[in-house]
Amino acid sequence: MMNKNKSNIQALITTGKDKFYSNGLDLEWLGGSGAKDREAFMSAFNALCVRILTFPMPTIAALNGHAFAGGAMLALCHDYRVMRTGRGWICLNEIDLKMRFTRFMLNLIQSKVKSSIVETDMLVMGKRFAADDALTAGLVTLITGPDQLIEKSAGLAELVIGANGYDRGAMKDMKRDVYARVVALEQMLRGKDAAAKLDLSDLISKL
């Protein structure tokens, strides 16, 4: 049953269905859409990423399966990631798709992926990280069997919340400060400045 008392909610946990956490953006739709629709869609995607990135409570992505491309970016927007063993990769496979990252996407990913070695493997080479490799690379916080994924994610949420919890306003302000560059870029791209418009031609090239 849904908890309708929003004041009692202290963390956000997202997960997927079956073998996918998220397989990314609908490239077929993007490739067949007009420029205005593509721009509106990507603007909404950027806004969603920033919304999760600066969400006013701890956020955990419970990776039940594959998290590819845009799905991996959404997972990286969370504060923590818990990944199931035995199935699924987290991967930025744009190199395999002959696509380029948008300016916003690169800033978002680089705000979360700190190791230059991992950055090369993940962004340039499109490496597929299974649970063990993702943990070693620091892309996920915990790995667990599939039957305990949500339980372990909830346990992590309780651990980081602690006995005293967090003030939502203070947490949102802190996240906006920590990720100020990403937040500012999303706001600029959403604005009317023509020089700051999203370059979607790179994103959909060769689709």
# chains A, B, ... in the order shown; residues from 1 in each chain; ligands from 1
>>> select_by_dssp(residues="range 119-150 of chain A", states="strand (DSSP E or B)", output="list in words")
Phe129, Leu142, Ile143 and Thr144 of chain A
>>> residues_around(residues="Pro56 in chain A", least_positions_apart="3", cutoff="7 Å", atoms="only C-alpha atoms", output="list in words")
Arg168, Gly169, Met171 and Lys172 of chain A
>>> write_last_selection(atoms="C-alpha atoms", output="PDB file, in the first residue's frame")
ATOM      1  CA  ARG A 168      15.017  17.956   3.181  1.00  0.00           C
ATOM      2  CA  GLY A 169      15.722  21.580   2.410  1.00  0.00           C
ATOM      3  CA  MET A 171      19.880  18.147   1.659  1.00  0.00           C
ATOM      4  CA  LYS A 172      18.542  19.661  -1.549  1.00  0.00           C
TER       5      LYS A 172
END
>>> select_by_dssp(residues="range 3-158 of chain A", states="helix (DSSP H, G or I)", output="PyMOL selection string")
chain A and resi 6-8+27-32+35-53+70-77+103-112+116-124+131-137+146-158
>>> atom_distance(atom1="CA of Leu30 in chain A", atom2="CA of Leu76 in chain A")
22.2 Å
>>> residues_around(residues="Tyr179 in chain A", least_positions_apart="6", cutoff="8 Å", atoms="only C-alpha atoms", output="list of chain:residue names")
A:Leu53, A:Thr54, A:Ser111
>>> atom_distance(atom1="CA of Asn164 in chain A", atom2="CA of Pro58 in chain A")
13.4 Å
>>> closest_residue(among="A:Ala61, A:Cys77, A:Leu92, A:Ala11", to="Lys127 in chain A", atoms="only C-alpha atoms")
A:Leu92
>>> atom_distance(atom1="CA of Ile109 in chain A", atom2="CA of Ala170 in chain A")
23.9 Å
